[in-house]
$ cat target15.cif   # mmCIF, C-alpha atoms
data_my_file
loop_
_atom_site.label_atom_id
_atom_site.label_comp_id
_atom_site.auth_asym_id
_atom_site.auth_seq_id
_atom_site.Cartn_x
_atom_site.Cartn_y
_atom_site.Cartn_z
CA MET A 54 -10.16 14.03 8.60
CA THR A 55 -11.33 15.04 5.12
CA THR A 56 -8.78 17.61 4.07
CA ALA A 57 -7.40 17.29 0.56
CA ALA A 58 -4.10 15.48 0.22
CA ALA A 59 -1.05 17.72 0.05
CA SER A 60 1.53 17.72 -2.72
CA PRO A 61 4.41 15.30 -2.07
CA PRO A 62 7.46 16.72 -0.30
CA SER A 63 10.20 17.52 -2.79
CA ALA A 64 12.39 14.82 -1.21
CA LEU A 65 10.00 12.20 -2.64
CA THR A 66 10.23 13.55 -6.18
CA ALA A 67 13.88 14.57 -6.37
CA HIS A 68 15.08 11.44 -8.18
CA LEU A 69 12.04 10.40 -10.20
CA ASP A 70 13.71 10.70 -13.61
CA ALA A 71 16.70 8.58 -12.57
CA LEU A 72 14.36 6.09 -10.92
CA GLU A 73 12.23 5.76 -14.03
CA ASP A 74 15.31 5.15 -16.16
CA ALA A 75 16.49 2.45 -13.77
CA LEU A 76 13.06 0.79 -13.72
CA ARG A 77 12.92 0.74 -17.52
CA ALA A 78 16.37 -0.84 -17.65
CA ALA A 79 15.30 -3.53 -15.19
CA VAL A 80 12.15 -4.45 -17.12
CA GLY A 81 13.91 -4.31 -20.48
CA THR A 82 12.93 -3.49 -24.05
CA ASP A 83 12.15 -6.98 -25.32
CA GLU A 84 9.26 -6.76 -27.78
CA GLY A 85 7.70 -10.07 -26.75
CA GLY A 86 4.29 -10.08 -25.16
CA LEU A 87 5.55 -10.75 -21.65
CA ALA A 88 7.85 -7.74 -21.35
CA ALA A 89 5.37 -5.55 -23.25
CA SER A 90 2.67 -6.51 -20.74
CA ALA A 91 5.04 -5.63 -17.91
CA ARG A 92 5.65 -2.20 -19.46
CA TYR A 93 1.86 -1.75 -19.67
CA VAL A 94 1.57 -2.54 -15.97
CA MET A 95 4.31 -0.03 -15.18
CA GLY A 96 2.38 2.64 -17.09
CA TRP A 97 4.87 3.19 -19.91
CA GLU A 98 2.80 1.79 -22.78
CA ASP A 99 -0.86 1.53 -23.72
CA GLU A 100 -2.65 -1.58 -24.97
CA GLU A 101 -1.18 -1.08 -28.45
CA GLY A 102 2.39 -0.62 -27.23
CA ARG A 103 2.34 3.15 -27.74
CA PRO A 104 4.10 5.40 -25.20
CA ALA A 105 2.00 6.30 -22.16
CA THR A 106 2.49 8.07 -18.84
CA THR A 107 0.08 6.40 -16.44
CA GLY A 108 2.38 4.96 -13.80
CA GLY A 109 1.85 5.41 -10.09
CA LYS A 110 3.50 7.97 -7.84
CA ARG A 111 6.48 5.65 -7.09
CA ILE A 112 6.11 6.35 -3.38
CA ARG A 113 7.80 3.17 -2.16
CA PRO A 114 11.01 3.51 -4.18
CA ALA A 115 11.13 7.19 -3.30
CA LEU A 116 11.09 6.19 0.37
CA CYS A 117 14.08 3.92 -0.25
CA LEU A 118 16.08 6.75 -1.81
CA LEU A 119 14.97 9.20 0.88
CA ALA A 120 16.08 6.90 3.71
CA ALA A 121 19.51 6.45 2.14
CA GLU A 122 20.06 10.19 1.91
CA ALA A 123 18.61 10.88 5.38
CA LEU A 124 21.00 8.37 6.93
CA GLY A 125 24.16 9.67 5.31
CA GLY A 126 24.25 7.76 2.02
CA SER A 127 23.28 8.58 -1.53
CA ALA A 128 20.32 7.91 -3.80
CA ALA A 129 22.66 6.16 -6.23
CA GLU A 130 23.64 3.61 -3.57
CA ALA A 131 20.01 2.81 -2.86
CA MET A 132 18.71 2.81 -6.46
CA PRO A 133 18.83 -1.00 -6.89
CA GLY A 134 16.69 -1.37 -3.77
CA ALA A 135 14.28 1.28 -5.01
CA VAL A 136 13.87 -0.53 -8.33
CA ALA A 137 13.38 -3.88 -6.61
CA VAL A 138 10.70 -2.65 -4.22
CA GLU A 139 8.71 -0.90 -6.96
CA LEU A 140 8.73 -4.01 -9.14
CA ILE A 141 7.65 -6.13 -6.16
CA HIS A 142 4.83 -3.67 -5.51
CA ASN A 143 3.62 -3.99 -9.10
CA PHE A 144 3.95 -7.79 -8.99
CA SER A 145 1.61 -7.76 -6.00
CA LEU A 146 -0.85 -5.44 -7.74
CA VAL A 147 -1.11 -7.73 -10.77
CA HIS A 148 -1.94 -10.73 -8.59
CA ASP A 149 -4.26 -8.75 -6.30
CA GLU A 150 -6.23 -7.45 -9.27
CA ILE A 151 -6.94 -11.01 -10.36
CA GLN A 152 -7.94 -12.08 -6.87
CA ASP A 153 -10.12 -9.03 -6.25
CA ARG A 154 -11.60 -9.01 -9.78
CA ASP A 155 -10.56 -5.39 -10.24
CA ALA A 156 -11.40 -4.27 -13.77
CA GLU A 157 -9.43 -0.99 -13.82
CA ARG A 158 -6.40 0.71 -12.34
CA HIS A 159 -5.44 4.30 -13.12
CA HIS A 160 -8.53 4.45 -15.37
CA ARG A 161 -7.19 1.68 -17.64
CA PRO A 162 -8.12 -2.00 -17.93
CA THR A 163 -6.10 -4.16 -15.58
CA ILE A 164 -3.68 -6.51 -17.30
CA TRP A 165 -5.75 -9.65 -16.66
CA ARG A 166 -8.63 -8.06 -18.58
CA ILE A 167 -6.32 -7.74 -21.58
CA VAL A 168 -4.25 -10.94 -21.60
CA GLY A 169 -6.34 -13.21 -19.38
CA GLU A 170 -5.80 -14.41 -15.83
CA ALA A 171 -3.24 -17.12 -16.60
CA GLN A 172 -0.94 -14.85 -18.59
CA ALA A 173 -1.38 -12.01 -16.09
CA ILE A 174 -0.01 -14.33 -13.41
CA ASN A 175 3.05 -14.78 -15.62
CA VAL A 176 3.39 -11.00 -15.93
CA GLY A 177 3.36 -10.67 -12.16
CA ASP A 178 5.96 -13.41 -11.82
CA PHE A 179 8.12 -11.69 -14.44
CA LEU A 180 8.08 -8.48 -12.40
CA LEU A 181 9.01 -10.46 -9.29
CA THR A 182 12.06 -12.04 -10.91
CA ARG A 183 13.18 -8.73 -12.41
CA ALA A 184 12.92 -7.19 -8.94
CA LEU A 185 15.15 -9.82 -7.39
CA ARG A 186 17.64 -9.57 -10.26
CA ALA A 187 17.82 -5.76 -9.95
CA LEU A 188 19.00 -6.07 -6.37
CA SER A 189 21.00 -9.31 -6.47
CA GLU A 190 23.03 -8.22 -9.53
CA SER A 191 23.68 -4.68 -8.28
CA ASP A 192 27.11 -3.23 -7.52
CA ALA A 193 26.33 -2.78 -3.82
CA PRO A 194 28.83 -4.32 -1.40
CA SER A 195 27.90 -7.96 -0.94
CA GLU A 196 27.00 -7.71 2.74
CA ARG A 197 24.67 -4.76 2.09
CA ARG A 198 23.19 -6.40 -0.99
CA VAL A 199 22.39 -9.62 0.88
CA ALA A 200 20.94 -7.75 3.86
CA ALA A 201 18.74 -5.61 1.62
CA LEU A 202 17.55 -8.68 -0.27
CA ASP A 203 16.73 -10.37 3.02
CA ALA A 204 14.70 -7.32 4.08
CA LEU A 205 12.82 -7.32 0.77
CA LEU A 206 12.03 -11.03 0.96
CA ALA A 207 10.85 -10.74 4.57
CA ALA A 208 8.50 -7.90 3.59
CA THR A 209 7.26 -9.83 0.57
CA ASP A 210 6.51 -12.80 2.82
CA ASP A 211 4.55 -10.50 5.14
CA MET A 212 2.71 -8.90 2.23
CA ILE A 213 1.66 -12.25 0.75
CA GLY A 214 0.60 -13.48 4.18
CA GLY A 215 -1.42 -10.31 4.64
CA GLN A 216 -3.18 -10.85 1.33
CA TRP A 217 -3.94 -14.46 2.28
CA ASN A 218 -5.48 -13.29 5.55
CA ASP A 219 -7.41 -10.51 3.85
CA LEU A 220 -9.04 -12.99 1.46
CA SER A 221 -9.67 -15.50 4.24
CA PHE A 222 -11.52 -12.84 6.26
CA GLU A 223 -14.22 -12.40 3.62
CA PRO A 224 -16.45 -15.36 4.60
CA ARG A 225 -15.59 -15.28 8.32
CA GLU A 226 -17.72 -13.70 11.03
CA ASP A 227 -15.16 -13.95 13.84
CA VAL A 228 -12.48 -11.54 12.61
CA SER A 229 -11.28 -9.30 15.45
CA VAL A 230 -9.85 -5.80 15.23
CA GLU A 231 -6.50 -7.29 16.28
CA ASP A 232 -6.70 -9.85 13.44
CA TYR A 233 -7.43 -7.07 10.97
CA LEU A 234 -4.62 -4.79 12.13
CA ALA A 235 -2.12 -7.66 11.97
CA MET A 236 -3.24 -8.29 8.39
CA VAL A 237 -2.84 -4.60 7.50
CA GLU A 238 0.65 -4.47 8.98
CA GLY A 239 1.63 -7.28 6.62
CA LYS A 240 -0.28 -6.25 3.53
CA THR A 241 0.26 -2.47 3.70
CA GLY A 242 2.81 -1.70 6.39
CA ALA A 243 5.47 -4.16 5.26
CA LEU A 244 5.97 -2.56 1.85
CA ILE A 245 6.24 0.89 3.38
CA GLY A 246 8.69 -0.18 6.07
CA ALA A 247 10.86 -2.32 3.79
CA PRO A 248 11.99 0.35 1.30
CA LEU A 249 13.03 2.58 4.18
CA GLN A 250 14.97 -0.28 5.74
CA MET A 251 16.57 -1.18 2.41
CA GLY A 252 17.63 2.40 1.75
CA ALA A 253 19.20 2.52 5.19
CA ILE A 254 21.01 -0.80 4.65
CA LEU A 255 22.34 0.15 1.23
CA SER A 256 23.61 3.46 2.61
CA GLY A 257 25.61 1.64 5.28
CA ALA A 258 23.50 2.68 8.26
CA PRO A 259 23.79 0.54 11.41
CA THR A 260 21.22 -2.21 11.97
CA GLU A 261 19.59 -0.32 14.84
CA GLN A 262 18.78 2.58 12.52
CA SER A 263 17.70 0.45 9.57
CA ASP A 264 15.37 -1.61 11.75
CA GLY A 265 14.07 1.50 13.48
CA ILE A 266 13.20 3.32 10.27
CA ARG A 267 11.48 0.14 9.01
CA ASP A 268 9.33 0.04 12.15
CA TRP A 269 8.52 3.74 11.76
CA GLY A 270 7.35 3.09 8.20
CA ARG A 271 5.14 0.21 9.29
CA LYS A 272 3.37 2.44 11.82
CA VAL A 273 2.87 5.11 9.17
CA GLY A 274 1.39 2.44 6.89
CA LEU A 275 -1.03 1.35 9.59
CA ALA A 276 -2.12 4.93 10.21
CA PHE A 277 -2.64 5.41 6.48
CA GLN A 278 -4.82 2.30 6.15
CA VAL A 279 -6.98 3.04 9.19
CA ARG A 280 -7.55 6.58 7.98
CA ASP A 281 -8.43 5.25 4.53
CA ASP A 282 -10.95 2.89 6.17
CA ILE A 283 -12.55 5.82 7.99
CA LEU A 284 -12.82 7.89 4.82
CA GLY A 285 -14.27 4.87 3.00
CA ILE A 286 -17.40 5.27 5.14
CA TRP A 287 -17.45 8.86 6.41
CA GLY A 288 -15.26 10.79 3.96
CA ASP A 289 -16.61 13.65 1.86
CA PRO A 290 -16.49 12.49 -1.79
CA SER A 291 -16.09 16.07 -2.99
CA VAL A 292 -12.83 16.23 -1.03
CA THR A 293 -11.51 12.66 -1.23
CA GLY A 294 -12.55 12.03 -4.84
CA LYS A 295 -13.91 8.58 -3.97
CA SER A 296 -17.21 7.14 -2.85
CA ASN A 297 -18.06 6.88 0.85
CA GLN A 298 -20.49 4.04 0.11
CA ASN A 299 -18.43 1.50 -1.86
CA ASP A 300 -16.86 -0.20 1.17
CA LEU A 301 -20.24 -0.96 2.76
CA ALA A 302 -21.84 -1.72 -0.61
CA ARG A 303 -19.12 -4.29 -1.34
CA HIS A 304 -19.35 -5.81 2.17
CA LYS A 305 -15.69 -4.99 2.86
CA LYS A 306 -14.49 -5.93 6.33
CA THR A 307 -12.61 -2.73 7.08
CA LEU A 308 -11.67 -1.76 10.63
CA PRO A 309 -14.92 0.19 11.30
CA VAL A 310 -17.02 -2.70 10.03
CA ILE A 311 -15.16 -5.23 12.19
CA ALA A 312 -15.52 -2.95 15.21
CA ALA A 313 -19.23 -2.57 14.44
CA LEU A 314 -19.70 -6.33 14.21
CA ALA A 315 -18.33 -6.62 17.76
CA GLU A 316 -21.18 -4.48 19.14
CA PRO A 317 -24.69 -6.03 19.29
CA ARG A 318 -26.60 -2.95 18.12
CA THR A 319 -24.37 -2.12 15.17
CA ARG A 320 -23.82 -5.80 14.35
CA THR A 321 -27.53 -6.17 13.65
CA ALA A 322 -27.44 -3.14 11.33
CA ILE A 323 -24.38 -4.42 9.43
CA GLU A 324 -25.82 -7.92 9.05
CA ARG A 325 -29.09 -6.50 7.75
CA LEU A 326 -27.21 -4.35 5.25
CA PHE A 327 -24.94 -7.17 4.09
CA ALA A 328 -27.95 -9.39 3.46
CA HIS A 329 -28.39 -7.32 0.28
CA ASP A 330 -26.12 -8.14 -2.64
CA GLU A 331 -26.51 -4.50 -3.69
CA PRO A 332 -27.59 -2.49 -0.63
CA PRO A 333 -29.70 0.62 -1.33
CA ALA A 334 -27.82 3.91 -1.00
CA ALA A 335 -30.27 5.19 1.60
CA GLU A 336 -29.72 2.13 3.79
CA ILE A 337 -25.93 2.49 3.50
CA GLU A 338 -26.22 6.11 4.62
CA ALA A 339 -28.44 5.14 7.55
CA VAL A 340 -25.99 2.47 8.73
CA SER A 341 -23.01 4.85 8.49
CA VAL A 342 -24.92 7.42 10.57
CA GLN A 343 -25.78 4.78 13.17
CA MET A 344 -22.18 3.54 13.31
CA GLU A 345 -20.95 7.06 14.00
CA ALA A 346 -23.62 7.69 16.62
CA ASP A 347 -22.69 4.45 18.39
CA GLY A 348 -19.02 5.42 18.61
CA ILE A 349 -17.56 3.21 15.87
CA LYS A 350 -15.96 6.12 14.01
CA ALA A 351 -14.38 7.32 17.26
CA VAL A 352 -12.92 3.84 17.88
CA ALA A 353 -11.30 3.85 14.43
CA GLU A 354 -9.98 7.39 14.91
CA ASP A 355 -8.41 6.35 18.21
CA HIS A 356 -6.49 3.61 16.39
CA ALA A 357 -5.30 6.07 13.73
CA ARG A 358 -4.13 8.54 16.37
CA ARG A 359 -2.33 5.79 18.26
CA TYR A 360 -0.34 4.76 15.20
CA VAL A 361 0.56 8.37 14.43
CA GLU A 362 1.80 8.81 18.00
CA GLU A 363 3.76 5.54 17.92
CA ALA A 364 5.37 6.55 14.62
CA SER A 365 6.33 9.90 16.09
CA SER A 366 7.97 8.23 19.10
CA LEU A 367 9.92 5.87 16.85
CA LEU A 368 11.10 8.78 14.73
CA ASP A 369 12.45 10.53 17.80
CA SER A 370 14.48 7.42 18.69
CA LEU A 371 16.39 7.15 15.39
CA GLY A 372 19.18 9.54 16.28
CA LEU A 373 18.48 11.88 13.36
CA SER A 374 19.25 15.57 13.08
CA GLU A 375 16.43 18.04 13.58
CA ASP A 376 16.22 18.72 9.85
CA GLU A 377 15.99 15.00 9.09
CA ARG A 378 13.25 14.49 11.70
CA ILE A 379 11.27 17.39 10.25
CA LEU A 380 11.63 15.96 6.75
CA LEU A 381 10.50 12.46 7.72
CA ALA A 382 7.60 13.85 9.77
CA ALA A 383 6.48 15.79 6.69
CA VAL A 384 6.72 12.61 4.61
CA ALA A 385 4.59 10.77 7.18
CA ARG A 386 1.94 13.49 7.08
CA TYR A 387 1.86 13.33 3.31
CA LEU A 388 1.54 9.55 3.23
CA ILE A 389 -1.30 9.55 5.77
CA GLU A 390 -3.08 12.45 4.06
CA ARG A 391 -2.93 10.58 0.74
CA ALA A 392 -5.80 8.47 2.07
CA GLY A 393 -7.88 11.57 1.46
#

$ encode --input "target15.cif" --output "structure tokens"
Amino acid sequence: MTTAAASPPSALTAHLDALEDALRAAVGTDEGGLAASARYVMGWEDEEGRPATTGGKRIRPALCLLAAEALGGSAAEAMPGAVAVELIHNFSLVHDEIQDRDAERHHRPTIWRIVGEAQAINVGDFLLTRALRALSESDAPSERRVAALDALLAATDDMIGGQWNDLSFEPREDVSVEDYLAMVEGKTGALIGAPLQMGAILSGAPTEQSDGIRDWGRKVGLAFQVRDDILGIWGDPSVTGKSNQNDLARHKKTLPVIAALAEPRTRTAIERLFAHDEPPAAEIEAVSVQMEADGIKAVAEDHARRYVEEASSLLDSLGLSEDERILLAAVARYLIERAG
């Protein structure tokens, strides 16, 4: 569970240059503060407006282009959907950073730390409208364009609902594992499933295939998040590159913590730990050891395995060629391993 993440399959990087050009065109070159702040968020400029290269891996739009090609279409057909989903993703990040009080992303100050919370909200909204425009004004056939837009809006609804639930869980003591997994499917799974569905729609794939590949992506997203939760407590920092104490130190209600709160013995340990605003490192380590000994890690691993198996079954039902199944299985492995 702590192996280093693999390099992305070449199918996820094949169109990055064309994608970046399309994203830049969608955001625009206006020199006003709003567009400049959006370019900062996208990783193209630094705080002074100088060129930078600190954007993310563009996984979601790459999935959109990949699905189009895997289902008989072209990357060009799906490019408007890829642009839209990446801008939606960044819109959500801007708002989440404000809500979560995140000070940095990609080792740079988050936009709200630079322009303030109120203006950062405007930056997020700007990215949202540019996303919708990129898809609604595209040259795709109208029926495909409308269906792809509907898929994007449905996923955005789910994502926002997932974020609402995530924030509402913080003060609650009655959150169940089922509640948590439903939240994750909205917050994380929806924006992995949607680009695959949109790529399929824009390529002209039948509804059964576009819905099926969306559902496959959602299961992959769930497996990714559960694995990330496991590594957040029991991962090896020398392998994962991130702390295995931050989740417990910040009182995050991840799947292992919620499962632990459902068991009397581990619930007492978690409650004692969370009584500290800044729990001592030694106590965090002791609680993680106890959680593993009491089977909490195994419970979380069972959930991760279940989602991997469900994703595999869905993949087999999509009517793809053997080469296409192998490619998508490799993409799933990469996405799940990225948690490490």

$ closest_residue --input "target15.cif" --among "A:Val136, A:Leu368, A:Pro309, A:Asp376" --to "Gly348 (chain A)" --atoms "only C-alpha atoms"
A:Pro309

$ closest_residue --input "target15.cif" --among "A:Thr307, A:Thr82, A:Ser365, A:Ser341" --to "Phe222 (chain A)" --atoms "only C-alpha atoms"
A:Thr307

$ atom_distance --input "target15.cif" --atom1 "CA of Tyr93 (chain A)" --atom2 "CA of His160 (chain A)"
12.8 Å

$ resolve_selection --input "target15.cif" --expression "the PyMOL selection byres ((chain A and resi 303) around 9)" --output "list in words"
Gln298, Asn299, Asp300, Leu301, Ala302, His304, Lys305, Phe327, Asp330, Glu331 and Pro332 of chain A

$ atom_distance --input "target15.cif" --atom1 "CA of Asp347 (chain A)" --atom2 "CA of Val273 (chain A)"
27.2 Å

$ residues_near_point --input "target15.cif" --point "(12.8, 3.3, -18.3)" --cutoff "12 Å" --atoms "all atoms listed in the file" --output "PDB file with C-alpha atoms, in the frame of the given file"
ATOM      1  CA  LEU A  69      12.040  10.400 -10.200  1.00  0.00           C
ATOM      2  CA  ASP A  70      13.710  10.700 -13.610  1.00  0.00           C
ATOM      3  CA  ALA A  71      16.700   8.580 -12.570  1.00  0.00           C
ATOM      4  CA  LEU A  72      14.360   6.090 -10.920  1.00  0.00           C
ATOM      5  CA  GLU A  73      12.230   5.760 -14.030  1.00  0.00           C
ATOM      6  CA  ASP A  74      15.310   5.150 -16.160  1.00  0.00           C
ATOM      7  CA  ALA A  75      16.490   2.450 -13.770  1.00  0.00           C
ATOM      8  CA  LEU A  76      13.060   0.790 -13.720  1.00  0.00           C
ATOM      9  CA  ARG A  77      12.920   0.740 -17.520  1.00  0.00           C
ATOM     10  CA  ALA A  78      16.370  -0.840 -17.650  1.00  0.00           C
ATOM     11  CA  ALA A  79      15.300  -3.530 -15.190  1.00  0.00           C
ATOM     12  CA  VAL A  80      12.150  -4.450 -17.120  1.00  0.00           C
ATOM     13  CA  GLY A  81      13.910  -4.310 -20.480  1.00  0.00           C
ATOM     14  CA  THR A  82      12.930  -3.490 -24.050  1.00  0.00           C
ATOM     15  CA  ALA A  91       5.040  -5.630 -17.910  1.00  0.00           C
ATOM     16  CA  ARG A  92       5.650  -2.200 -19.460  1.00  0.00           C
ATOM     17  CA  MET A  95       4.310  -0.030 -15.180  1.00  0.00           C
ATOM     18  CA  GLY A  96       2.380   2.640 -17.090  1.00  0.00           C
ATOM     19  CA  TRP A  97       4.870   3.190 -19.910  1.00  0.00           C
ATOM     20  CA  GLU A  98       2.800   1.790 -22.780  1.00  0.00           C
ATOM     21  CA  PRO A 104       4.100   5.400 -25.200  1.00  0.00           C
ATOM     22  CA  ALA A 105       2.000   6.300 -22.160  1.00  0.00           C
ATOM     23  CA  THR A 106       2.490   8.070 -18.840  1.00  0.00           C
ATOM     24  CA  GLY A 108       2.380   4.960 -13.800  1.00  0.00           C
ATOM     25  CA  VAL A 136      13.870  -0.530  -8.330  1.00  0.00           C
TER      26      VAL A 136
END

$ resolve_selection --input "target15.cif" --expression "the PyMOL selection byres ((chain A and resi 226) around 12)" --output "list in words"
Ser221, Phe222, Glu223, Pro224, Arg225, Asp227, Val228, Ser229, Val230, Asp232, His304, Lys306, Val310, Ile311, Ala312, Ala313, Leu314, Ala315, Arg320, Ile323, Glu324 and Phe327 of chain A

$ atom_distance --input "target15.cif" --atom1 "CA of Asp99 (chain A)" --atom2 "CA of Arg161 (chain A)"
8.8 Å

$ closest_atom_pairs --input "target15.cif" --of "region 243-281 of chain A" --to "region 124-134 of chain A" --cutoff "9 Å" --atoms "all atoms listed in the file" --output "tab-separated table"
residue	atom	partner	partner_atom	distance
A:Pro248	CA	A:Gly134	CA	7.1
A:Met251	CA	A:Gly134	CA	6.2
A:Gly252	CA	A:Ala131	CA	5.2
A:Ala253	CA	A:Leu124	CA	6.4
A:Ile254	CA	A:Ala131	CA	8.4
A:Leu255	CA	A:Ala131	CA	5.4
A:Ser256	CA	A:Gly126	CA	4.4
A:Gly257	CA	A:Gly126	CA	7.1
A:Ala258	CA	A:Leu124	CA	6.4
A:Gln262	CA	A:Leu124	CA	8.3
A:Ser263	CA	A:Leu124	CA	9.0

$ resolve_selection --input "target15.cif" --expression "the PyMOL selection byres ((chain A and resi 238-243) around 8)" --output "tab-separated table (two decimals) with C-alpha atoms, in the frame of the given file"
chain	number	residue	atom	x	y	z
A	208	ALA	CA	8.50	-7.90	3.59
A	209	THR	CA	7.26	-9.83	0.57
A	211	ASP	CA	4.55	-10.50	5.14
A	212	MET	CA	2.71	-8.90	2.23
A	213	ILE	CA	1.66	-12.25	0.75
A	214	GLY	CA	0.60	-13.48	4.18
A	215	GLY	CA	-1.42	-10.31	4.64
A	216	GLN	CA	-3.18	-10.85	1.33
A	234	LEU	CA	-4.62	-4.79	12.13
A	235	ALA	CA	-2.12	-7.66	11.97
A	236	MET	CA	-3.24	-8.29	8.39
A	237	VAL	CA	-2.84	-4.60	7.50
A	244	LEU	CA	5.97	-2.56	1.85
A	245	ILE	CA	6.24	0.89	3.38
A	246	GLY	CA	8.69	-0.18	6.07
A	247	ALA	CA	10.86	-2.32	3.79
A	270	GLY	CA	7.35	3.09	8.20
A	271	ARG	CA	5.14	0.21	9.29
A	272	LYS	CA	3.37	2.44	11.82
A	273	VAL	CA	2.87	5.11	9.17
A	274	GLY	CA	1.39	2.44	6.89
A	275	LEU	CA	-1.03	1.35	9.59
A	278	GLN	CA	-4.82	2.30	6.15

$ residues_near_point --input "target15.cif" --point "(-2.2, 12.4, 10.0)" --cutoff "9 Å" --atoms "all atoms listed in the file" --output "list in words"
Met54, Val273, Ala276, Phe277, Arg280, Ala357, Arg358, Val361, Ala385, Arg386, Tyr387, Leu388, Ile389 and Glu390 of chain A

$ write_last_selection --input "target15.cif" --atoms "C-alpha atoms" --output "PDB file, keeping the file's coordinate frame"
ATOM      1  CA  MET A  54     -10.160  14.030   8.600  1.00  0.00           C
ATOM      2  CA  VAL A 273       2.870   5.110   9.170  1.00  0.00           C
ATOM      3  CA  ALA A 276      -2.120   4.930  10.210  1.00  0.00           C
ATOM      4  CA  PHE A 277      -2.640   5.410   6.480  1.00  0.00           C
ATOM      5  CA  ARG A 280      -7.550   6.580   7.980  1.00  0.00           C
ATOM      6  CA  ALA A 357      -5.300   6.070  13.730  1.00  0.00           C
ATOM      7  CA  ARG A 358      -4.130   8.540  16.370  1.00  0.00           C
ATOM      8  CA  VAL A 361       0.560   8.370  14.430  1.00  0.00           C
ATOM      9  CA  ALA A 385       4.590  10.770   7.180  1.00  0.00           C
ATOM     10  CA  ARG A 386       1.940  13.490   7.080  1.00  0.00           C
ATOM     11  CA  TYR A 387       1.860  13.330   3.310  1.00  0.00           C
ATOM     12  CA  LEU A 388       1.540   9.550   3.230  1.00  0.00           C
ATOM     13  CA  ILE A 389      -1.300   9.550   5.770  1.00  0.00           C
ATOM     14  CA  GLU A 390      -3.080  12.450   4.060  1.00  0.00           C
TER      15      GLU A 390
END

$ residues_around --input "target15.cif" --residues "Ser189 (chain A)" --least-positions-apart "6" --cutoff "8 Å" --atoms "only C-alpha atoms" --output "list in words"
Arg198, Val199 and Leu202 of chain A

$ closest_residue --input "target15.cif" --among "A:Asp203, A:Asp282, A:Glu354, A:Glu377" --to "Leu308 (chain A)" --atoms "all atoms listed in the file"
A:Asp282

$ closest_residue --input "target15.cif" --among "A:Ile112, A:Val279, A:Ile266, A:Leu181" --to "Ser370 (chain A)" --atoms "all atoms listed in the file"
A:Ile266

$ closest_residue --input "target15.cif" --among "A:Thr319, A:Asn297, A:Asn143, A:Asn175" --to "Ile349 (chain A)" --atoms "only C-alpha atoms"
A:Thr319

$ residues_around --input "target15.cif" --residues "region 167-173 of chain A" --least-positions-apart "3" --cutoff "8 Å" --atoms "all atoms listed in the file" --output "PyMOL selection string"
chain A and resi 100+147-148+151+162-164+176-177

$ residues_around --input "target15.cif" --residues "Asp369 (chain A)" --least-positions-apart "6" --cutoff "12 Å" --atoms "only C-alpha atoms" --output "number ranges by chain"
A: 262, 265-266, 269, 362-363, 375, 377-379, 381-382

$ write_last_selection --input "target15.cif" --atoms "C-alpha atoms" --output "CSV table (one decimal), keeping the file's coordinate frame"
chain,number,residue,atom,x,y,z
A,262,GLN,CA,18.8,2.6,12.5
A,265,GLY,CA,14.1,1.5,13.5
A,266,ILE,CA,13.2,3.3,10.3
A,269,TRP,CA,8.5,3.7,11.8
A,362,GLU,CA,1.8,8.8,18.0
A,363,GLU,CA,3.8,5.5,17.9
A,375,GLU,CA,16.4,18.0,13.6
A,377,GLU,CA,16.0,15.0,9.1
A,378,ARG,CA,13.2,14.5,11.7
A,379,ILE,CA,11.3,17.4,10.2
A,381,LEU,CA,10.5,12.5,7.7
A,382,ALA,CA,7.6,13.8,9.8

$ closest_residue --input "target15.cif" --among "A:Ser60, A:Ser366, A:His68, A:His159" --to "Thr107 (chain A)" --atoms "all atoms listed in the file"
A:His159
